Structure formats: C-alpha cells, structure tokens
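Next up, final.cif (mmCIF, C-alpha atoms):
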data_work
loop_
_atom_site.group_PDB
_atom_site.id
_atom_site.type_symbol
_atom_site.label_atom_id
_atom_site.label_comp_id
_atom_site.auth_asym_id
_atom_site.auth_seq_id
_atom_site.Cartn_x
_atom_site.Cartn_y
_atom_site.Cartn_z
ATOM 1 C CA MET A 985 0.000 0.000 0.000
ATOM 2 C CA ALA A 986 1.325 3.465 -0.864
ATOM 3 C CA GLN A 987 2.471 5.807 1.893
ATOM 4 C CA ILE A 988 -0.388 8.007 3.111
ATOM 5 C CA ASN A 989 0.153 11.720 3.696
ATOM 6 C CA ILE A 990 0.585 12.067 7.481
ATOM 7 C CA CYS A 991 -1.301 15.394 7.554
ATOM 8 C CA LEU A 992 -4.330 13.879 5.815
ATOM 9 C CA LYS A 993 -4.211 10.871 8.123
ATOM 10 C CA ARG A 994 -4.196 13.065 11.250
ATOM 11 C CA ILE A 995 -6.969 15.335 9.972
ATOM 12 C CA PHE A 996 -9.196 12.336 9.232
ATOM 13 C CA THR A 997 -8.455 10.846 12.657
ATOM 14 C CA VAL A 998 -9.178 14.141 14.460
ATOM 15 C CA PHE A 999 -12.471 14.650 12.625
ATOM 16 C CA ASN A 1000 -13.595 11.147 13.549
ATOM 17 C CA ILE A 1001 -12.630 11.748 17.175
ATOM 18 C CA PHE A 1002 -14.729 14.922 17.025
ATOM 19 C CA PHE A 1003 -17.701 12.880 15.771
ATOM 20 C CA MET A 1004 -17.143 10.360 18.578
ATOM 21 C CA VAL A 1005 -17.559 13.269 20.991
ATOM 22 C CA VAL A 1006 -20.717 14.363 19.133
ATOM 23 C CA GLY A 1007 -22.135 10.837 19.503
ATOM 24 C CA ALA A 1008 -21.340 10.886 23.214
ATOM 25 C CA VAL A 1009 -23.061 14.282 23.564
ATOM 26 C CA VAL A 1010 -26.200 12.883 21.895
ATOM 27 C CA ILE A 1011 -26.213 9.957 24.355
ATOM 28 C CA VAL A 1012 -25.747 12.344 27.307
ATOM 29 C CA LEU A 1013 -28.574 14.514 25.929
ATOM 30 C CA ALA A 1014 -30.846 11.461 25.802
ATOM 31 C CA LEU A 1015 -29.909 10.591 29.389
ATOM 32 C CA TRP A 1016 -30.574 14.176 30.465
ATOM 33 C CA CYS A 1017 -33.984 14.174 28.728
ATOM 34 C CA GLN A 1018 -34.887 10.883 30.356
ATOM 35 C CA PHE A 1019 -33.900 12.195 33.798
ATOM 36 C CA PHE A 1020 -35.707 15.511 33.219
ATOM 37 C CA MET A 1021 -38.899 13.783 32.071
ATOM 38 C CA ASP A 1022 -38.826 11.343 34.972
ATOM 39 C CA ASN A 1023 -38.515 14.201 37.480
ATOM 40 C CA ARG A 1024 -41.224 16.301 35.808
ATOM 41 C CA GLY A 1025 -43.751 13.489 35.612
ATOM 42 C CA GLY A 1026 -43.489 12.767 31.918
ATOM 43 C CA HIS A 1027 -43.640 8.987 32.346
ATOM 44 C CA ASN A 1028 -46.721 8.464 30.230
ATOM 45 C CA LEU A 1029 -46.258 11.052 27.493
ATOM 46 C CA GLU A 1030 -47.031 9.772 24.030
ATOM 47 C CA GLY A 1031 -43.970 8.761 22.005
ATOM 48 C CA ARG A 1032 -41.499 9.317 24.844
ATOM 49 C CA PHE A 1033 -39.927 5.874 24.651
ATOM 50 C CA THR A 1034 -39.605 6.012 20.863
ATOM 51 C CA GLN A 1035 -37.926 9.425 20.911
ATOM 52 C CA LEU A 1036 -35.451 8.462 23.621
ATOM 53 C CA PHE A 1037 -34.678 5.182 21.865
ATOM 54 C CA PHE A 1038 -34.058 7.113 18.634
ATOM 55 C CA LEU A 1039 -31.637 9.466 20.415
ATOM 56 C CA TYR A 1040 -29.750 6.569 22.001
ATOM 57 C CA MET A 1041 -29.490 4.773 18.651
ATOM 58 C CA VAL A 1042 -28.283 7.871 16.789
ATOM 59 C CA GLY A 1043 -25.620 8.478 19.440
ATOM 60 C CA CYS A 1044 -24.433 4.861 19.461
ATOM 61 C CA ILE A 1045 -24.360 4.544 15.668
ATOM 62 C CA THR A 1046 -22.499 7.848 15.317
ATOM 63 C CA MET A 1047 -19.912 6.730 17.848
ATOM 64 C CA MET A 1048 -19.445 3.299 16.275
ATOM 65 C CA ILE A 1049 -18.983 4.695 12.754
ATOM 66 C CA ALA A 1050 -16.594 7.364 14.050
ATOM 67 C CA VAL A 1051 -14.540 4.734 15.898
ATOM 68 C CA LEU A 1052 -14.372 2.679 12.724
ATOM 69 C CA GLY A 1053 -13.206 5.710 10.718
ATOM 70 C CA ALA A 1054 -10.631 6.797 13.299
ATOM 71 C CA TYR A 1055 -9.266 3.273 13.563
ATOM 72 C CA GLY A 1056 -9.100 2.900 9.792
ATOM 73 C CA ALA A 1057 -7.292 6.216 9.395
ATOM 74 C CA HIS A 1058 -4.874 5.665 12.255
ATOM 75 C CA LYS A 1059 -3.921 2.098 11.342
ATOM 76 C CA GLU A 1060 -4.328 2.658 7.585
ATOM 77 C CA SER A 1061 -6.664 -0.336 7.443
ATOM 78 C CA LYS A 1062 -8.184 -0.684 3.999
ATOM 79 C CA VAL A 1063 -11.023 -2.922 5.225
ATOM 80 C CA ALA A 1064 -12.009 -0.504 8.025
ATOM 81 C CA LEU A 1065 -11.952 2.444 5.642
ATOM 82 C CA ILE A 1066 -14.097 0.622 3.075
ATOM 83 C CA MET A 1067 -16.606 -0.312 5.789
ATOM 84 C CA PHE A 1068 -16.563 3.329 6.945
ATOM 85 C CA LEU A 1069 -17.276 4.474 3.371
ATOM 86 C CA VAL A 1070 -20.180 2.025 3.009
ATOM 87 C CA PHE A 1071 -21.742 3.179 6.296
ATOM 88 C CA MET A 1072 -21.313 6.832 5.334
ATOM 89 C CA VAL A 1073 -22.997 6.292 1.944
ATOM 90 C CA ILE A 1074 -25.880 4.444 3.610
ATOM 91 C CA GLY A 1075 -26.173 7.223 6.214
ATOM 92 C CA SER A 1076 -26.187 9.896 3.527
ATOM 93 C CA LEU A 1077 -28.944 8.117 1.613
ATOM 94 C CA LEU A 1078 -31.023 7.728 4.782
ATOM 95 C CA MET A 1079 -30.592 11.414 5.574
ATOM 96 C CA LEU A 1080 -31.815 12.332 2.094
ATOM 97 C CA ILE A 1081 -34.764 9.960 2.360
ATOM 98 C CA ILE A 1082 -35.762 11.490 5.718
ATOM 99 C CA GLY A 1083 -34.710 15.084 5.011
ATOM 100 C CA ILE A 1084 -36.627 15.703 1.810
ATOM 101 C CA PRO A 1085 -40.067 14.795 3.257
ATOM 102 C CA ALA A 1086 -39.180 16.722 6.437
ATOM 103 C CA ALA A 1087 -38.418 19.834 4.375
ATOM 104 C CA ILE A 1088 -41.706 19.425 2.526
ATOM 105 C CA ILE A 1089 -43.801 19.048 5.701
ATOM 106 C CA HIS A 1090 -42.005 21.833 7.606
ATOM 107 C CA PRO A 1091 -44.500 24.612 6.708
ATOM 108 C CA GLN A 1092 -47.391 22.441 7.913
ATOM 109 C CA LEU A 1093 -45.647 21.593 11.203
ATOM 110 C CA LYS A 1094 -47.000 24.614 13.103
ATOM 111 C CA GLY A 1095 -50.595 23.522 12.492
ATOM 112 C CA ILE A 1096 -49.796 19.944 13.490
ATOM 113 C CA MET A 1097 -48.168 21.112 16.742
ATOM 114 C CA GLU A 1098 -51.076 23.437 17.562
ATOM 115 C CA LYS A 1099 -53.545 20.616 16.971
ATOM 116 C CA THR A 1100 -51.537 18.244 19.174
ATOM 117 C CA PHE A 1101 -51.170 20.689 22.051
ATOM 118 C CA SER A 1102 -54.782 21.901 21.838
ATOM 119 C CA GLY A 1103 -55.791 18.365 22.820
ATOM 120 C CA PHE A 1104 -54.238 18.989 26.249
ATOM 121 C CA VAL A 1105 -56.363 22.090 26.923
ATOM 122 C CA PRO A 1106 -57.801 22.904 29.462
ATOM 123 C CA LEU A 1107 -54.896 22.000 31.712
ATOM 124 C CA ASP A 1108 -56.978 21.802 34.884
ATOM 125 C CA LYS A 1109 -58.813 18.811 33.376
ATOM 126 C CA SER A 1110 -55.628 17.173 32.024
ATOM 127 C CA SER A 1111 -53.637 14.498 33.773
ATOM 128 C CA GLU A 1112 -51.001 15.376 36.357
ATOM 129 C CA ASP A 1113 -48.210 14.367 33.963
ATOM 130 C CA VAL A 1114 -49.371 16.815 31.287
ATOM 131 C CA ARG A 1115 -49.723 19.639 33.829
ATOM 132 C CA ASN A 1116 -46.227 19.067 35.206
ATOM 133 C CA MET A 1117 -44.724 19.062 31.728
ATOM 134 C CA ALA A 1118 -46.630 22.243 30.752
ATOM 135 C CA GLU A 1119 -45.402 24.002 33.910
ATOM 136 C CA GLY A 1120 -41.844 22.932 33.111
ATOM 137 C CA ILE A 1121 -42.130 24.287 29.567
ATOM 138 C CA GLN A 1122 -43.569 27.570 30.853
ATOM 139 C CA GLU A 1123 -40.693 27.931 33.344
ATOM 140 C CA LYS A 1124 -38.166 27.416 30.534
ATOM 141 C CA VAL A 1125 -39.957 29.980 28.330
ATOM 142 C CA ARG A 1126 -40.063 32.532 31.171
ATOM 143 C CA TYR A 1127 -36.362 31.951 31.860
ATOM 144 C CA SER A 1128 -35.367 32.337 28.208
ATOM 145 C CA ASN A 1129 -37.532 35.470 27.878
ATOM 146 C CA SER A 1130 -35.894 36.998 30.953
ATOM 147 C CA LEU A 1131 -32.447 36.230 29.499
ATOM 148 C CA ALA A 1132 -33.460 37.847 26.210
ATOM 149 C CA ALA A 1133 -34.709 40.961 28.049
ATOM 150 C CA ILE A 1134 -31.401 41.263 29.923
ATOM 151 C CA SER A 1135 -29.286 41.146 26.784
#
Please express the file's structure as structure tokens.
Amino acid sequence: MAQINICLKRIFTVFNIFFMVVGAVVIVLALWCQFFMDNRGGHNLEGRFTQLFFLYMVGCITMMIAVLGAYGAHKESKVALIMFLVFMVIGSLLMLIIGIPAAIIHPQLKGIMEKTFSGFVPLDKSSEDVRNMAEGIQEKVRYSNSLAAIS
C-alpha cells in the first residue's frame, strides 16, 4: 500500500474523534432528557420511549462509525476504511430519504403542533403528567424570555 500523507491521516483521525464526541453528547442529551422527564412526571407522554430510543441509537451509531473511521485512518486499514465508506454512503442516503419529506412538511408543522397541544387544553382537566410538563415548559420559556430581556 502506498504511503499516506501524514497530515491527511491526522486530519481524518481528528475529525472522527470529534464525531465520537458528538455521539457521546447525543447519548448524554438522551440521558438528560430521560432524567428531566422522569422528574417532571413525563412517564406516560405519548412517544417518549420512541424518541429516547431514537436518540440513544443515533448516538451509538455515530460513535461506532466514528470509531471505525478513526481506527481505519490511524492504522491505515483498507477494510475498516471501506466499511466506513459504506456506512457513510448508507447514512447519507437515509438522511436524504428522511430530510426531503421533512423539508416538505415543515411549513405544515406549526398547524400539526397546535392541533396536538390543543388536545391537552384545558390544563386543569388534564392528567397530572401533562400539567407538570406544561409548567416545566412555561418555566423554561419565562427563563429564556428573561435572558433575552437582559441582553
């Protein structure tokens, strides 16, 4: 195998280490969301398990692919780099398949969200879980508005 440029090898390794950190941050974010929802009474919210599972999977897959790429670059392993390329092509295709419909539905998302949240109104007749989550969201909005007023 021909000698690889050491600068290119290090850049590729560093970028993959960066994406390992990104994958770890996604996993920590999922853990934080799970802890936050458990403390705020969001045990029975619709789709909670699916969303957390999706976050965990995205974080784990990102980390595994980044480890494969960093290993392939560092050790100059042709097999690891080919596997990395295959996973990246598959990931790119999946992002296009998901991203294009998401871009199309984006303008309609506000109406969908309003319809979903209007089902929880009035809050005094909603379950305790929904009330706790609504109070948590209102606290976050008040806090962000106060920060915006300060700056």
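The space separating atom CA of Met1048 of chain A from atom CA of Phe1068 of chain A comes to 9.8 Å.
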Notebook entry, point to check: atom CA of Ala1014 of chain A to atom CA of Leu1093 of chain A: how many Å, to one decimal?
Noted result: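 About the pair atom CA of Ala1014 of chain A and atom CA of Leu1093 of chain A: they are 23.1 Å apart.
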Note to self: Could you tell me, as number ranges by chain, exactly which residues end up selected when the PyMOL selection byres ((chain A and resi 1053) around 12) is applied to this structure?
What the structure shows: A: 993-1004, 1046-1052, 1054-1072
Item checked: atom CA of Thr1100 of chain A to atom CA of Gly1120 of chain A, distance in Å rounded to a single decimal ->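 So the answer is 17.6 Å.
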Next item on the list: Find the residues around Leu1013 of chain A up to 12 Å (all atoms listed in the file counted), leave out those fewer than 2 positions away in its own chain, and share them as a PyMOL selection string.
Entry: chain A and resi 1006-1011+1015-1020+1035-1040+1042-1043
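In terms of minimum interatomic distance to Gly1075 of chain A, A:Ile1045 ranks closest within A:Val1125, A:Ala1133, A:Ile1045, A:Ala1118, counting all atoms listed in the file.
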Once 4 Å is added on each side, what centre and edge lengths in Å to one decimal does the axis-aligned box around all listed atoms of segment 1058-1073 of chain A have, as lines of an AutoDock Vina configuration file?
center_x = -13.5
center_y = 2.0
center_z = 7.1
size_x = 27.1
size_y = 17.8
size_z = 18.3
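If all atoms listed in the file are the atoms counted, then among A:Met1021, A:Met1117, A:Cys1044, A:Leu1077 the closest residue to Val1005 of chain A is A:Cys1044.
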